[in-house]
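*Asks:* Coordinates in entry_28.tsv, TSV, C-alpha atoms, are listed below.
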```
chain	number	residue	atom	x	y	z
A	1	MET	CA	29.69	49.11	-172.55
A	2	ILE	CA	26.41	48.15	-170.88
A	3	LYS	CA	23.47	47.51	-173.18
A	4	ILE	CA	20.01	46.98	-171.69
A	5	ALA	CA	17.25	45.44	-173.79
A	6	GLU	CA	14.24	47.72	-174.20
A	7	ARG	CA	11.91	45.23	-172.51
A	8	PHE	CA	13.89	45.72	-169.28
A	9	GLN	CA	13.87	49.52	-169.45
A	10	VAL	CA	11.35	51.93	-167.92
A	11	SER	CA	9.68	55.04	-169.31
A	12	HIS	CA	11.44	58.36	-168.79
A	13	PHE	CA	8.71	59.89	-166.57
A	14	LEU	CA	9.14	57.10	-163.98
A	15	VAL	CA	12.48	58.67	-163.04
A	16	PHE	CA	10.36	61.10	-161.01
A	17	TYR	CA	9.19	58.26	-158.74
A	18	LEU	CA	12.60	56.58	-158.62
A	19	ILE	CA	14.32	59.72	-157.37
A	20	HIS	CA	11.61	61.01	-155.05
A	21	SER	CA	11.00	57.60	-153.44
A	22	LEU	CA	14.68	57.38	-152.44
A	23	GLN	CA	14.85	60.96	-151.17
A	24	PHE	CA	11.74	60.58	-149.07
A	25	GLY	CA	12.27	58.11	-146.22
A	26	VAL	CA	12.70	57.84	-142.47
A	27	GLY	CA	14.54	61.16	-142.42
A	28	VAL	CA	11.19	62.93	-142.77
A	29	LEU	CA	10.19	61.75	-139.31
A	30	GLY	CA	12.94	63.63	-137.47
A	31	PHE	CA	15.07	65.86	-139.70
A	32	GLN	CA	13.58	69.09	-138.26
A	33	ARG	CA	15.38	68.92	-134.91
A	34	ILE	CA	18.72	68.06	-136.51
A	35	ILE	CA	18.83	71.01	-138.91
A	36	ALA	CA	17.32	73.43	-136.36
A	37	GLU	CA	20.15	72.81	-133.88
A	38	ASN	CA	22.31	75.38	-135.64
A	39	SER	CA	20.01	77.56	-137.72
A	40	GLY	CA	16.92	77.61	-135.46
A	41	ARG	CA	13.91	79.25	-137.10
A	42	ASP	CA	15.97	79.76	-140.30
A	43	ALA	CA	16.22	75.98	-140.82
A	44	TRP	CA	13.84	76.14	-143.79
A	45	ILE	CA	16.47	78.17	-145.68
A	46	ALA	CA	18.92	75.28	-145.28
A	47	VAL	CA	16.34	72.90	-146.79
A	48	ILE	CA	15.98	75.07	-149.90
A	49	LEU	CA	19.76	75.46	-150.26
A	50	SER	CA	20.28	71.72	-150.00
A	51	GLY	CA	17.68	71.22	-152.74
A	52	LEU	CA	19.51	73.65	-155.03
A	53	LEU	CA	22.79	71.83	-154.43
A	54	VAL	CA	21.12	68.52	-155.31
A	55	HIS	CA	19.95	70.04	-158.62
A	56	ALA	CA	23.59	70.92	-159.37
A	57	SER	CA	24.75	67.39	-158.48
A	58	LEU	CA	21.99	65.88	-160.61
A	59	TRP	CA	23.06	68.00	-163.59
A	60	MET	CA	26.64	66.74	-163.17
A	61	ILE	CA	25.46	63.11	-163.00
A	62	TYR	CA	23.72	63.44	-166.36
A	63	ARG	CA	26.82	65.08	-167.85
A	64	ILE	CA	29.04	62.30	-166.48
A	65	LEU	CA	26.89	59.50	-167.89
A	66	GLN	CA	25.68	60.90	-171.22
A	67	ASN	CA	28.69	59.59	-173.22
A	68	SER	CA	29.64	56.70	-170.96
A	69	ASN	CA	27.89	53.88	-172.88
A	70	GLY	CA	26.79	52.50	-169.51
A	71	ASN	CA	26.58	53.57	-165.89
A	72	ILE	CA	29.02	54.70	-163.17
A	73	VAL	CA	30.79	51.32	-163.26
A	74	THR	CA	31.70	51.99	-166.91
A	75	VAL	CA	32.89	55.47	-165.97
A	76	HIS	CA	35.09	54.06	-163.17
A	77	LYS	CA	36.76	51.70	-165.66
A	78	GLU	CA	37.14	54.53	-168.19
A	79	ILE	CA	38.92	56.80	-165.67
A	80	PHE	CA	40.77	54.43	-163.33
A	81	GLY	CA	41.07	51.18	-165.24
A	82	LYS	CA	39.60	47.75	-164.53
A	83	TRP	CA	40.96	47.02	-161.05
A	84	ILE	CA	41.02	50.45	-159.41
A	85	GLY	CA	37.69	51.20	-161.10
A	86	GLY	CA	36.32	47.95	-159.70
A	87	PHE	CA	37.49	48.98	-156.24
A	88	PHE	CA	35.55	52.26	-156.49
A	89	SER	CA	32.49	50.31	-157.66
A	90	ILE	CA	32.77	48.10	-154.55
A	91	LEU	CA	32.88	51.22	-152.36
A	92	LEU	CA	29.76	52.54	-154.09
A	93	SER	CA	28.05	49.19	-153.52
A	94	LEU	CA	28.93	49.42	-149.81
A	95	TYR	CA	27.51	52.93	-149.71
A	96	PHE	CA	24.13	51.88	-151.12
A	97	SER	CA	24.04	48.84	-148.80
A	98	LEU	CA	24.79	51.02	-145.78
A	99	MET	CA	22.05	53.43	-146.86
A	100	ALA	CA	19.49	50.60	-146.91
A	101	ILE	CA	20.71	49.24	-143.55
A	102	THR	CA	20.40	52.70	-141.98
A	103	VAL	CA	16.85	53.18	-143.25
A	104	LEU	CA	15.62	49.79	-142.05
A	105	ARG	CA	17.34	49.94	-138.65
A	106	THR	CA	16.04	53.45	-137.99
A	107	TYR	CA	12.51	52.35	-138.92
A	108	VAL	CA	12.75	49.33	-136.62
A	109	GLU	CA	13.85	51.65	-133.79
A	110	ILE	CA	10.74	53.78	-134.36
A	111	LEU	CA	8.61	50.62	-134.21
A	112	GLU	CA	10.31	49.66	-130.92
A	113	VAL	CA	9.84	53.05	-129.29
A	114	TRP	CA	6.35	53.94	-130.50
A	115	MET	CA	4.50	50.70	-131.11
A	116	PHE	CA	6.13	47.36	-130.24
A	117	PRO	CA	8.76	47.55	-127.45
A	118	ASP	CA	9.25	43.77	-127.51
A	119	ILE	CA	9.54	43.37	-131.30
A	120	ASN	CA	11.94	40.62	-132.39
A	121	ILE	CA	14.34	42.46	-134.72
A	122	TRP	CA	15.83	39.22	-136.11
A	123	VAL	CA	12.44	37.91	-137.20
A	124	PHE	CA	11.09	41.23	-138.49
A	125	SER	CA	14.20	42.02	-140.53
A	126	PHE	CA	14.31	38.45	-141.92
A	127	ILE	CA	10.72	38.71	-143.20
A	128	PHE	CA	11.41	42.18	-144.57
A	129	PHE	CA	14.53	40.98	-146.40
A	130	LEU	CA	12.57	38.09	-147.91
A	131	LEU	CA	10.12	40.63	-149.35
A	132	VAL	CA	13.00	42.78	-150.62
A	133	TYR	CA	14.65	39.77	-152.30
A	134	TYR	CA	11.35	38.77	-153.92
A	135	ILE	CA	10.82	42.27	-155.32
A	136	ILE	CA	14.36	42.77	-156.63
A	137	SER	CA	14.40	39.28	-158.17
A	138	GLY	CA	11.53	40.44	-160.38
A	139	GLY	CA	13.87	42.90	-162.09
A	140	PHE	CA	14.28	46.64	-162.26
A	141	ARG	CA	10.79	47.22	-163.68
A	142	VAL	CA	9.26	45.64	-160.58
A	143	VAL	CA	11.45	47.79	-158.34
A	144	THR	CA	10.28	50.84	-160.30
A	145	GLY	CA	6.66	49.78	-159.79
A	146	ILE	CA	7.22	49.55	-156.04
A	147	SER	CA	8.76	53.04	-156.15
A	148	PHE	CA	5.65	54.33	-157.94
A	149	PHE	CA	3.28	52.89	-155.34
A	150	GLY	CA	5.61	54.01	-152.54
A	151	VAL	CA	4.98	57.59	-153.65
A	152	VAL	CA	1.31	57.44	-154.67
A	153	LEU	CA	-0.30	55.30	-151.94
A	154	PRO	CA	0.95	57.20	-148.85
A	155	PHE	CA	0.58	60.62	-150.53
A	156	TYR	CA	-2.43	61.42	-148.33
A	157	LEU	CA	-0.09	61.69	-145.32
A	158	LEU	CA	1.06	65.10	-146.57
A	159	PHE	CA	-2.38	66.52	-145.78
A	160	THR	CA	-1.98	65.50	-142.14
A	161	PHE	CA	0.57	68.29	-141.73
A	162	LEU	CA	-2.26	70.81	-142.08
A	163	PHE	CA	-3.71	69.81	-138.69
A	164	PRO	CA	-1.08	71.71	-136.61
A	165	LEU	CA	-2.00	74.99	-138.32
A	166	GLN	CA	-4.85	75.53	-135.87
A	167	PHE	CA	-2.28	75.66	-133.04
A	168	ALA	CA	0.54	77.29	-134.97
A	169	ASP	CA	2.08	80.70	-134.46
A	170	ILE	CA	3.52	82.29	-137.62
A	171	LYS	CA	5.62	84.60	-135.41
A	172	ASN	CA	7.91	81.64	-134.71
A	173	LEU	CA	9.43	82.15	-138.17
A	174	PHE	CA	10.55	85.71	-137.43
A	175	PRO	CA	12.96	87.38	-137.59
A	176	ILE	CA	14.16	85.79	-140.83
A	177	PHE	CA	17.93	85.56	-141.53
A	178	ASP	CA	18.62	85.76	-137.82
A	179	HIS	CA	21.51	83.29	-138.04
A	180	SER	CA	24.96	83.47	-139.58
A	181	VAL	CA	25.91	82.05	-142.97
A	182	LYS	CA	28.06	79.49	-141.15
A	183	ASP	CA	25.11	78.22	-139.09
A	184	ILE	CA	22.91	77.87	-142.17
A	185	ALA	CA	25.75	76.12	-144.03
A	186	ILE	CA	26.12	73.59	-141.17
A	187	SER	CA	22.35	72.93	-141.25
A	188	THR	CA	22.54	72.48	-145.03
A	189	LYS	CA	25.24	69.87	-144.53
A	190	LYS	CA	23.10	68.12	-141.89
A	191	MET	CA	20.34	67.75	-144.51
A	192	SER	CA	22.60	65.29	-146.34
A	193	LEU	CA	21.12	62.18	-144.70
A	194	THR	CA	17.62	63.33	-145.57
A	195	ILE	CA	18.14	64.21	-149.24
A	196	ILE	CA	20.52	61.44	-150.35
A	197	GLY	CA	19.28	58.76	-152.71
A	198	PHE	CA	19.07	60.58	-156.04
A	199	GLU	CA	22.65	59.40	-156.80
A	200	ALA	CA	21.28	55.88	-157.46
A	201	LEU	CA	20.71	57.33	-160.95
A	202	LEU	CA	24.44	56.65	-161.44
A	203	VAL	CA	23.60	52.93	-161.48
A	204	TYR	CA	20.17	52.62	-163.14
A	205	TYR	CA	20.91	55.20	-165.87
A	206	PRO	CA	21.02	52.56	-168.71
A	207	PHE	CA	17.57	51.32	-167.69
A	208	ILE	CA	15.87	54.58	-168.75
A	209	LYS	CA	14.35	54.56	-172.24
A	210	ASN	CA	14.57	58.22	-173.22
A	211	ILE	CA	17.45	59.82	-171.36
A	212	GLN	CA	16.96	63.36	-172.64
A	213	LYS	CA	13.28	63.47	-171.65
A	214	SER	CA	14.05	61.98	-168.24
A	215	LYS	CA	16.16	65.01	-167.22
A	216	LYS	CA	13.06	67.14	-166.78
A	217	TRP	CA	11.38	64.53	-164.59
A	218	ALA	CA	14.52	64.01	-162.51
A	219	HIS	CA	14.76	67.71	-161.69
A	220	LEU	CA	11.01	67.85	-161.03
A	221	ALA	CA	11.44	65.01	-158.51
A	222	VAL	CA	14.19	66.91	-156.67
A	223	ALA	CA	12.11	70.11	-156.75
A	224	PHE	CA	9.09	68.25	-155.36
A	225	SER	CA	11.18	66.61	-152.60
A	226	THR	CA	12.60	70.03	-151.68
A	227	PHE	CA	9.12	71.55	-151.62
A	228	VAL	CA	7.76	68.79	-149.36
A	229	TYR	CA	10.68	69.05	-146.94
A	230	THR	CA	10.41	72.84	-146.85
A	231	PHE	CA	6.65	72.62	-146.25
A	232	ILE	CA	7.07	70.13	-143.38
A	233	CYS	CA	9.94	72.15	-141.91
A	234	ILE	CA	7.93	75.40	-141.90
A	235	ILE	CA	4.88	73.68	-140.37
A	236	THR	CA	7.12	72.25	-137.64
A	237	LEU	CA	8.80	75.60	-136.93
A	238	ILE	CA	5.52	77.46	-136.52
A	239	TYR	CA	4.03	74.70	-134.36
A	240	PHE	CA	6.95	74.15	-131.95
A	241	SER	CA	9.04	76.71	-130.15
A	242	GLU	CA	12.82	76.27	-130.54
A	243	GLU	CA	13.04	74.78	-127.03
A	244	GLN	CA	10.25	72.27	-127.71
A	245	LEU	CA	11.73	71.25	-131.05
A	246	GLY	CA	15.11	70.64	-129.44
A	247	LYS	CA	13.52	67.99	-127.19
A	248	ASN	CA	11.63	66.13	-129.95
A	249	VAL	CA	13.68	63.41	-131.64
A	250	TRP	CA	10.82	62.60	-134.03
A	251	ALA	CA	8.97	65.88	-134.49
A	252	THR	CA	6.76	64.51	-137.27
A	253	LEU	CA	5.41	61.74	-135.04
A	254	THR	CA	4.75	64.26	-132.27
A	255	ILE	CA	2.72	66.36	-134.73
A	256	TRP	CA	0.65	63.31	-135.65
A	257	LYS	CA	-0.25	62.82	-131.98
A	258	ILE	CA	-2.52	65.88	-132.08
A	259	ILE	CA	-4.62	64.52	-134.96
A	260	GLU	CA	-8.08	63.52	-133.81
A	261	LEU	CA	-10.37	61.54	-136.10
A	262	PRO	CA	-13.68	59.80	-135.29
A	263	PHE	CA	-12.38	56.39	-136.36
A	264	VAL	CA	-8.87	56.42	-134.85
A	265	GLU	CA	-7.45	57.60	-131.53
A	266	ARG	CA	-3.71	57.31	-132.19
A	267	PHE	CA	-3.04	58.47	-135.75
A	268	GLU	CA	0.74	58.15	-135.34
A	269	TYR	CA	0.24	54.36	-135.38
A	270	ILE	CA	-1.33	54.62	-138.83
A	271	GLY	CA	1.42	56.96	-139.97
A	272	ILE	CA	4.19	54.63	-138.76
A	273	ALA	CA	2.51	51.58	-140.32
A	274	ASN	CA	2.07	53.40	-143.62
A	275	TRP	CA	5.71	54.46	-143.54
A	276	SER	CA	6.67	50.86	-144.28
A	277	ILE	CA	5.27	51.44	-147.79
A	278	ILE	CA	7.51	54.51	-148.08
A	279	ILE	CA	10.74	52.85	-146.91
A	280	LEU	CA	10.20	49.69	-148.99
A	281	PRO	CA	11.26	51.33	-152.30
A	282	ASN	CA	14.09	53.06	-150.38
A	283	ILE	CA	15.51	49.71	-149.37
A	284	CYS	CA	14.72	47.81	-152.58
A	285	LEU	CA	16.28	50.41	-154.86
A	286	SER	CA	19.36	50.78	-152.62
A	287	PHE	CA	20.01	47.03	-152.51
A	288	TRP	CA	19.31	46.75	-156.24
A	289	ALA	CA	21.94	49.45	-156.90
A	290	ALA	CA	24.41	47.76	-154.53
A	291	SER	CA	24.05	44.35	-156.19
A	292	ARG	CA	24.06	45.89	-159.69
A	293	CYS	CA	27.38	47.63	-159.02
A	294	LEU	CA	28.95	44.26	-158.17
A	295	LYS	CA	27.28	42.61	-161.15
A	296	ASP	CA	28.53	45.19	-163.67
A	297	ALA	CA	32.00	45.46	-162.16
A	298	PHE	CA	32.79	41.74	-161.93
A	299	ALA	CA	30.21	40.09	-164.22
A	300	PHE	CA	28.51	38.28	-161.34
A	301	ASN	CA	24.97	36.99	-161.63
A	302	GLN	CA	22.94	39.73	-159.92
A	303	LYS	CA	20.85	37.23	-157.95
A	304	TYR	CA	24.00	35.88	-156.31
A	305	SER	CA	25.45	39.32	-155.62
A	306	LEU	CA	22.05	40.33	-154.17
A	307	LEU	CA	22.00	37.31	-151.84
A	308	PHE	CA	25.53	38.14	-150.71
A	309	VAL	CA	24.63	41.78	-150.00
A	310	LEU	CA	21.39	40.88	-148.19
A	311	MET	CA	23.06	38.29	-145.94
A	312	ILE	CA	25.70	40.79	-144.79
A	313	ALA	CA	23.05	43.50	-144.38
A	314	TYR	CA	20.83	41.18	-142.32
A	315	PHE	CA	23.52	40.70	-139.67
A	316	CYS	CA	24.45	44.39	-139.76
A	317	VAL	CA	20.84	45.45	-139.10
A	318	ASN	CA	20.74	43.24	-136.02
A	319	PHE	CA	24.20	44.29	-134.87
A	320	TYR	CA	23.13	47.83	-133.94
A	321	GLN	CA	21.11	47.77	-130.72
A	322	THR	CA	21.42	51.00	-128.71
A	323	ARG	CA	20.17	54.49	-129.60
A	324	ALA	CA	23.79	55.75	-129.64
A	325	GLU	CA	24.84	53.10	-132.19
A	326	ILE	CA	21.85	53.84	-134.44
A	327	SER	CA	22.53	57.56	-134.19
A	328	LEU	CA	26.19	56.92	-135.07
A	329	ILE	CA	25.34	54.96	-138.23
A	330	ASN	CA	22.93	57.73	-139.26
A	331	ASP	CA	25.70	60.30	-138.80
A	332	ILE	CA	28.17	58.16	-140.76
A	333	ILE	CA	25.89	57.65	-143.75
A	334	GLY	CA	24.99	61.35	-143.66
A	335	GLN	CA	28.69	62.28	-143.81
A	336	ILE	CA	29.39	59.79	-146.60
A	337	GLY	CA	26.36	61.01	-148.54
A	338	PHE	CA	27.59	64.61	-148.22
A	339	TYR	CA	30.99	63.72	-149.68
A	340	ILE	CA	29.42	61.58	-152.40
A	341	MET	CA	27.27	64.52	-153.51
A	342	PHE	CA	29.67	67.41	-153.16
A	343	VAL	CA	33.15	65.85	-153.52
A	344	TYR	CA	32.99	62.53	-155.39
A	345	ILE	CA	30.47	63.57	-158.06
A	346	PRO	CA	32.23	66.90	-158.90
A	347	ILE	CA	35.64	65.13	-159.09
A	348	ILE	CA	34.26	62.43	-161.42
A	349	PHE	CA	32.58	65.18	-163.46
A	350	PHE	CA	35.82	67.12	-163.99
A	351	LEU	CA	37.86	63.97	-164.67
A	352	THR	CA	35.43	62.74	-167.33
A	353	PHE	CA	35.27	66.24	-168.85
A	354	ILE	CA	39.07	66.44	-169.14
A	355	ILE	CA	39.53	62.86	-170.42
A	356	ARG	CA	36.85	63.25	-173.09
A	357	LYS	CA	38.25	66.61	-174.20
A	358	VAL	CA	41.71	65.08	-174.59
A	359	ARG	CA	40.34	62.13	-176.56
A	360	LYS	CA	38.39	64.41	-178.89
A	361	GLY	CA	41.56	66.43	-179.48
A	362	LYS	CA	43.52	63.27	-180.37
A	363	GLU	CA	40.77	62.10	-182.75
A	364	LYS	CA	40.91	65.41	-184.62
A	365	ILE	CA	44.67	65.09	-184.98
```
Could the structure of this file be written out as structure tokens, please?
*Replies:*
Amino acid sequence: MIKIAERFQVSHFLVFYLIHSLQFGVGVLGFQRIIAENSGRDAWIAVILSGLLVHASLWMIYRILQNSNGNIVTVHKEIFGKWIGGFFSILLSLYFSLMAITVLRTYVEILEVWMFPDINIWVFSFIFFLLVYYIISGGFRVVTGISFFGVVLPFYLLFTFLFPLQFADIKNLFPIFDHSVKDIAISTKKMSLTIIGFEALLVYYPFIKNIQKSKKWAHLAVAFSTFVYTFICIITLIYFSEEQLGKNVWATLTIWKIIELPFVERFEYIGIANWSIIILPNICLSFWAASRCLKDAFAFNQKYSLLFVLMIAYFCVNFYQTRAEISLINDIIGQIGFYIMFVYIPIIFFLTFIIRKVRKGKEKI
């Protein structure tokens, strides 16, 4: 059982910011080309389908945890026992760590390509990790506050996607449903890297004050993330032709290049700089979840488990150098995220359902 004092918990409505801040990261800058490879102009359908699947996964997470007296670590022990359950908790910790590493390394690559070709990755990542450690050391409420500001402060960037409308051609969306179900399904799977993050709820579940009221805000967060991704995807599809989109690794940054304002010549520089505010809660919450899994599974002091995770992550971030290596780690975390959402969570859901049904039956006898 994991009991969290009320002074360490957060209000139920803040779940909206916790979920959306993790779903909205570096994937926004280039997901359009990836999902359009198979489904072309129907890529926006894949975005909506992926959002619906996330709603289903989120519903299962709440069902898994509602009678667990803790978080996913407690559920692992309940189903698999102390040692095997601890092993699964370690794997989950690795998953969240890899997610944070992927986000930071991808962002650093964007900085290298678009702004600072000679950036020292070792120094930049060290300073960034110091900031992450400082934030997480303040506790979960501080991490939640960073998630709130990571959503609110850069919100204005959404309006920048209206600029391409003056050059857009709505005909690029037609004909609709021009691709097979298989193609759309493959694109839906490729959205995994972009929409993962909501599963951190498995770890911070005990830190929410009113669980029942938080369900509404959690689903609203997923709906909002799906809406934003669909909006950006449609804008991209009507601005680029399929051939142009296939050549743009970061379609969002290319869109920002057309923005002309009296006070700035290269708006993509502002967008990239502001994106650091968006990825900060991504990384903080992921590392918090990774260190918390170890803390709850083995009763470590979370500050020590956090230091351990950050030190390994620091060397991992600097290990990946080439575009092929960075692309590979993005593909790997996307694949893992897909199986976490659509294999691991359903299996845990059915196992907990069966175990609790059996226990209720024995209690009645």
*Asks:* Quick one: distance from CA of Ala46 (chain A) to CA of Thr188 (chain A) in Å, one decimal?
*Replies:*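 Those two atoms sit 4.6 Å apart.
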*Asks:* Using only C-alpha atoms, can you tell me which of A:Trp59, A:Phe88, A:Phe319, A:Phe198 comes closest to Phe349 (chain A)?
*Replies:*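 The shortest atom-to-atom distance to Phe349 (chain A) comes from A:Trp59.
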*Asks:* Show me a table, sorted first by chain and then by increasing residue number, of the residues of region 38-80 of chain A having an atom at most 8 Å from region 220-228 of chain A, each with its shortest atom pair and the distance in Å to one decimal, counting all atoms listed in the file and written as a Markdown table.
*Replies:*
```
| residue | atom | partner | partner_atom | distance |
| --- | --- | --- | --- | --- |
| A:Val47 | CA | A:Thr226 | CA | 6.8 |
| A:Ile48 | CA | A:Thr226 | CA | 6.3 |
| A:Gly51 | CA | A:Thr226 | CA | 5.3 |
| A:Val54 | CA | A:Val222 | CA | 7.2 |
| A:His55 | CA | A:Val222 | CA | 6.8 |
```
*Asks:* Need the shell around Ile45 (chain A): protein/DNA/RNA residues with any atom at most 12 Å away, counting all atoms listed in the file. Skip same-chain ones fewer than 4 positions apart. Format as a ChimeraX atom specification?
*Replies:* /A:35-36,38-41,49-52,173,176-181,183-188,191,226-227,229-231,233-234,237
*Asks:* For the residues in the current selection, export C-alpha atoms as a PDB file, in the frame of the given file.
*Replies:*
```
ATOM      1  CA  ILE A  35      18.830  71.010-138.910  1.00  0.00           C
ATOM      2  CA  ALA A  36      17.320  73.430-136.360  1.00  0.00           C
ATOM      3  CA  ASN A  38      22.310  75.380-135.640  1.00  0.00           C
ATOM      4  CA  SER A  39      20.010  77.560-137.720  1.00  0.00           C
ATOM      5  CA  GLY A  40      16.920  77.610-135.460  1.00  0.00           C
ATOM      6  CA  ARG A  41      13.910  79.250-137.100  1.00  0.00           C
ATOM      7  CA  LEU A  49      19.760  75.460-150.260  1.00  0.00           C
ATOM      8  CA  SER A  50      20.280  71.720-150.000  1.00  0.00           C
ATOM      9  CA  GLY A  51      17.680  71.220-152.740  1.00  0.00           C
ATOM     10  CA  LEU A  52      19.510  73.650-155.030  1.00  0.00           C
ATOM     11  CA  LEU A 173       9.430  82.150-138.170  1.00  0.00           C
ATOM     12  CA  ILE A 176      14.160  85.790-140.830  1.00  0.00           C
ATOM     13  CA  PHE A 177      17.930  85.560-141.530  1.00  0.00           C
ATOM     14  CA  ASP A 178      18.620  85.760-137.820  1.00  0.00           C
ATOM     15  CA  HIS A 179      21.510  83.290-138.040  1.00  0.00           C
ATOM     16  CA  SER A 180      24.960  83.470-139.580  1.00  0.00           C
ATOM     17  CA  VAL A 181      25.910  82.050-142.970  1.00  0.00           C
ATOM     18  CA  ASP A 183      25.110  78.220-139.090  1.00  0.00           C
ATOM     19  CA  ILE A 184      22.910  77.870-142.170  1.00  0.00           C
ATOM     20  CA  ALA A 185      25.750  76.120-144.030  1.00  0.00           C
ATOM     21  CA  ILE A 186      26.120  73.590-141.170  1.00  0.00           C
ATOM     22  CA  SER A 187      22.350  72.930-141.250  1.00  0.00           C
ATOM     23  CA  THR A 188      22.540  72.480-145.030  1.00  0.00           C
ATOM     24  CA  MET A 191      20.340  67.750-144.510  1.00  0.00           C
ATOM     25  CA  THR A 226      12.600  70.030-151.680  1.00  0.00           C
ATOM     26  CA  PHE A 227       9.120  71.550-151.620  1.00  0.00           C
ATOM     27  CA  TYR A 229      10.680  69.050-146.940  1.00  0.00           C
ATOM     28  CA  THR A 230      10.410  72.840-146.850  1.00  0.00           C
ATOM     29  CA  PHE A 231       6.650  72.620-146.250  1.00  0.00           C
ATOM     30  CA  CYS A 233       9.940  72.150-141.910  1.00  0.00           C
ATOM     31  CA  ILE A 234       7.930  75.400-141.900  1.00  0.00           C
ATOM     32  CA  LEU A 237       8.800  75.600-136.930  1.00  0.00           C
TER      33      LEU A 237
END
```
*Asks:* Find, counting all atoms listed in the file, the residue in A:Ala297, A:Leu18, A:Ile258, A:Ile72 that gets nearest to Ile146 (chain A).
*Replies:*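 Of the candidates, the smallest distance to Ile146 (chain A) is held by A:Leu18.
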*Asks:* Pick from A:Thr160, A:Ile348, A:Val358, A:Leu307: nearest to Lys77 (chain A), with all atoms listed in the file counted?
*Replies:* A:Ile348
*Asks:* What does the structure give for the distance between CA of Trp250 (chain A) and CA of Phe163 (chain A), in Å to one decimal?
*Replies:*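 Between CA of Trp250 (chain A) and CA of Phe163 (chain A) the gap is 16.9 Å.
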*Asks:* Kindly provide the residues of region 127-200 of chain A that approach region 288-292 of chain A to within 8 Å, each paired with its closest atom pair and their distance in Å to one decimal, based on only C-alpha atoms, listed by chain and increasing number, as a Markdown table.
*Replies:*
```
| residue | atom | partner | partner_atom | distance |
| --- | --- | --- | --- | --- |
| A:Ile136 | CA | A:Trp288 | CA | 6.4 |
| A:Phe140 | CA | A:Trp288 | CA | 7.8 |
| A:Ala200 | CA | A:Ala289 | CA | 6.5 |
```
*Asks:* So which residues touch Thr322 (chain A) within 12 Å, counting all atoms listed in the file, skipping near sequence neighbours fewer than 2 positions away, as a list in words?
*Replies:*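 Selected residues are Arg105, Thr106, Val108, Glu109, Glu112, Val113, Val317, Asn318, Phe319, Tyr320, Ala324, Glu325, Ile326, Ser327, Leu328 and Ile329 of chain A.
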*Asks:* Generate the output file for the selected residues, C-alpha atoms, as a PDB file, keeping the file's coordinate frame.
*Replies:*
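The resulting result_30.pdb:
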```pdb
ATOM      1  CA  ARG A 105      17.340  49.940-138.650  1.00  0.00           C
ATOM      2  CA  THR A 106      16.040  53.450-137.990  1.00  0.00           C
ATOM      3  CA  VAL A 108      12.750  49.330-136.620  1.00  0.00           C
ATOM      4  CA  GLU A 109      13.850  51.650-133.790  1.00  0.00           C
ATOM      5  CA  GLU A 112      10.310  49.660-130.920  1.00  0.00           C
ATOM      6  CA  VAL A 113       9.840  53.050-129.290  1.00  0.00           C
ATOM      7  CA  VAL A 317      20.840  45.450-139.100  1.00  0.00           C
ATOM      8  CA  ASN A 318      20.740  43.240-136.020  1.00  0.00           C
ATOM      9  CA  PHE A 319      24.200  44.290-134.870  1.00  0.00           C
ATOM     10  CA  TYR A 320      23.130  47.830-133.940  1.00  0.00           C
ATOM     11  CA  ALA A 324      23.790  55.750-129.640  1.00  0.00           C
ATOM     12  CA  GLU A 325      24.840  53.100-132.190  1.00  0.00           C
ATOM     13  CA  ILE A 326      21.850  53.840-134.440  1.00  0.00           C
ATOM     14  CA  SER A 327      22.530  57.560-134.190  1.00  0.00           C
ATOM     15  CA  LEU A 328      26.190  56.920-135.070  1.00  0.00           C
ATOM     16  CA  ILE A 329      25.340  54.960-138.230  1.00  0.00           C
TER      17      ILE A 329
END
```
*Asks:* Return the padded bounding box of region 127-138 of chain A as lines of an AutoDock Vina configuration file: axis-aligned, built from all atoms listed in the file, 8 Å added on each side, with centre and edge lengths in Å to one decimal.
*Replies:*
```
center_x = 12.4
center_y = 40.4
center_z = -151.8
size_x = 20.5
size_y = 20.7
size_z = 33.2
```
*Asks:* Would you mind telling me which residue in A:Val132, A:Ile19, A:Leu29, A:Ile345 lies nearest to Thr254 (chain A) when using only C-alpha atoms?
*Replies:*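 Nearest candidate to Thr254 (chain A) out of A:Val132, A:Ile19, A:Leu29, A:Ile345: A:Leu29.
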*Asks:* Using Å and a single decimal, report how far CA of Glu268 (chain A) sits from CA of Trp256 (chain A).
*Replies:*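 Between CA of Trp256 (chain A) and CA of Glu268 (chain A) the gap works out to 5.2 Å.
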*Asks:* Name all residues at most 8 Å from Ile235 (chain A) (count all atoms listed in the file; drop same-chain ones fewer than 4 positions away) and give them as a list in words.
*Replies:* Phe161, Leu162, Pro164, Leu165, Ala168, Phe231 and Tyr239 of chain A
*Asks:* Looking at all atoms listed in the file, which of A:Ile2, A:Leu280, A:Ala251, A:Ile170 is the one that sits closest to Ala299 (chain A)?
*Replies:*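 The closest residue to Ala299 (chain A) is A:Ile2.
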*Asks:* With distances taken over only C-alpha atoms, which of A:Lys3, A:Lys216, A:Arg33, A:Lys171 is nearest to Ser68 (chain A)?
*Replies:*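 The answer is A:Lys3, which sits nearest to Ser68 (chain A).
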*Asks:* So which residues are close to (15.1, 47.2, -173.6), meaning at most 10 Å away in the file's coordinates with all atoms listed in the file counted, and can you show them as a PyMOL selection string?
*Replies:* chain A and resi 3-10+206-209
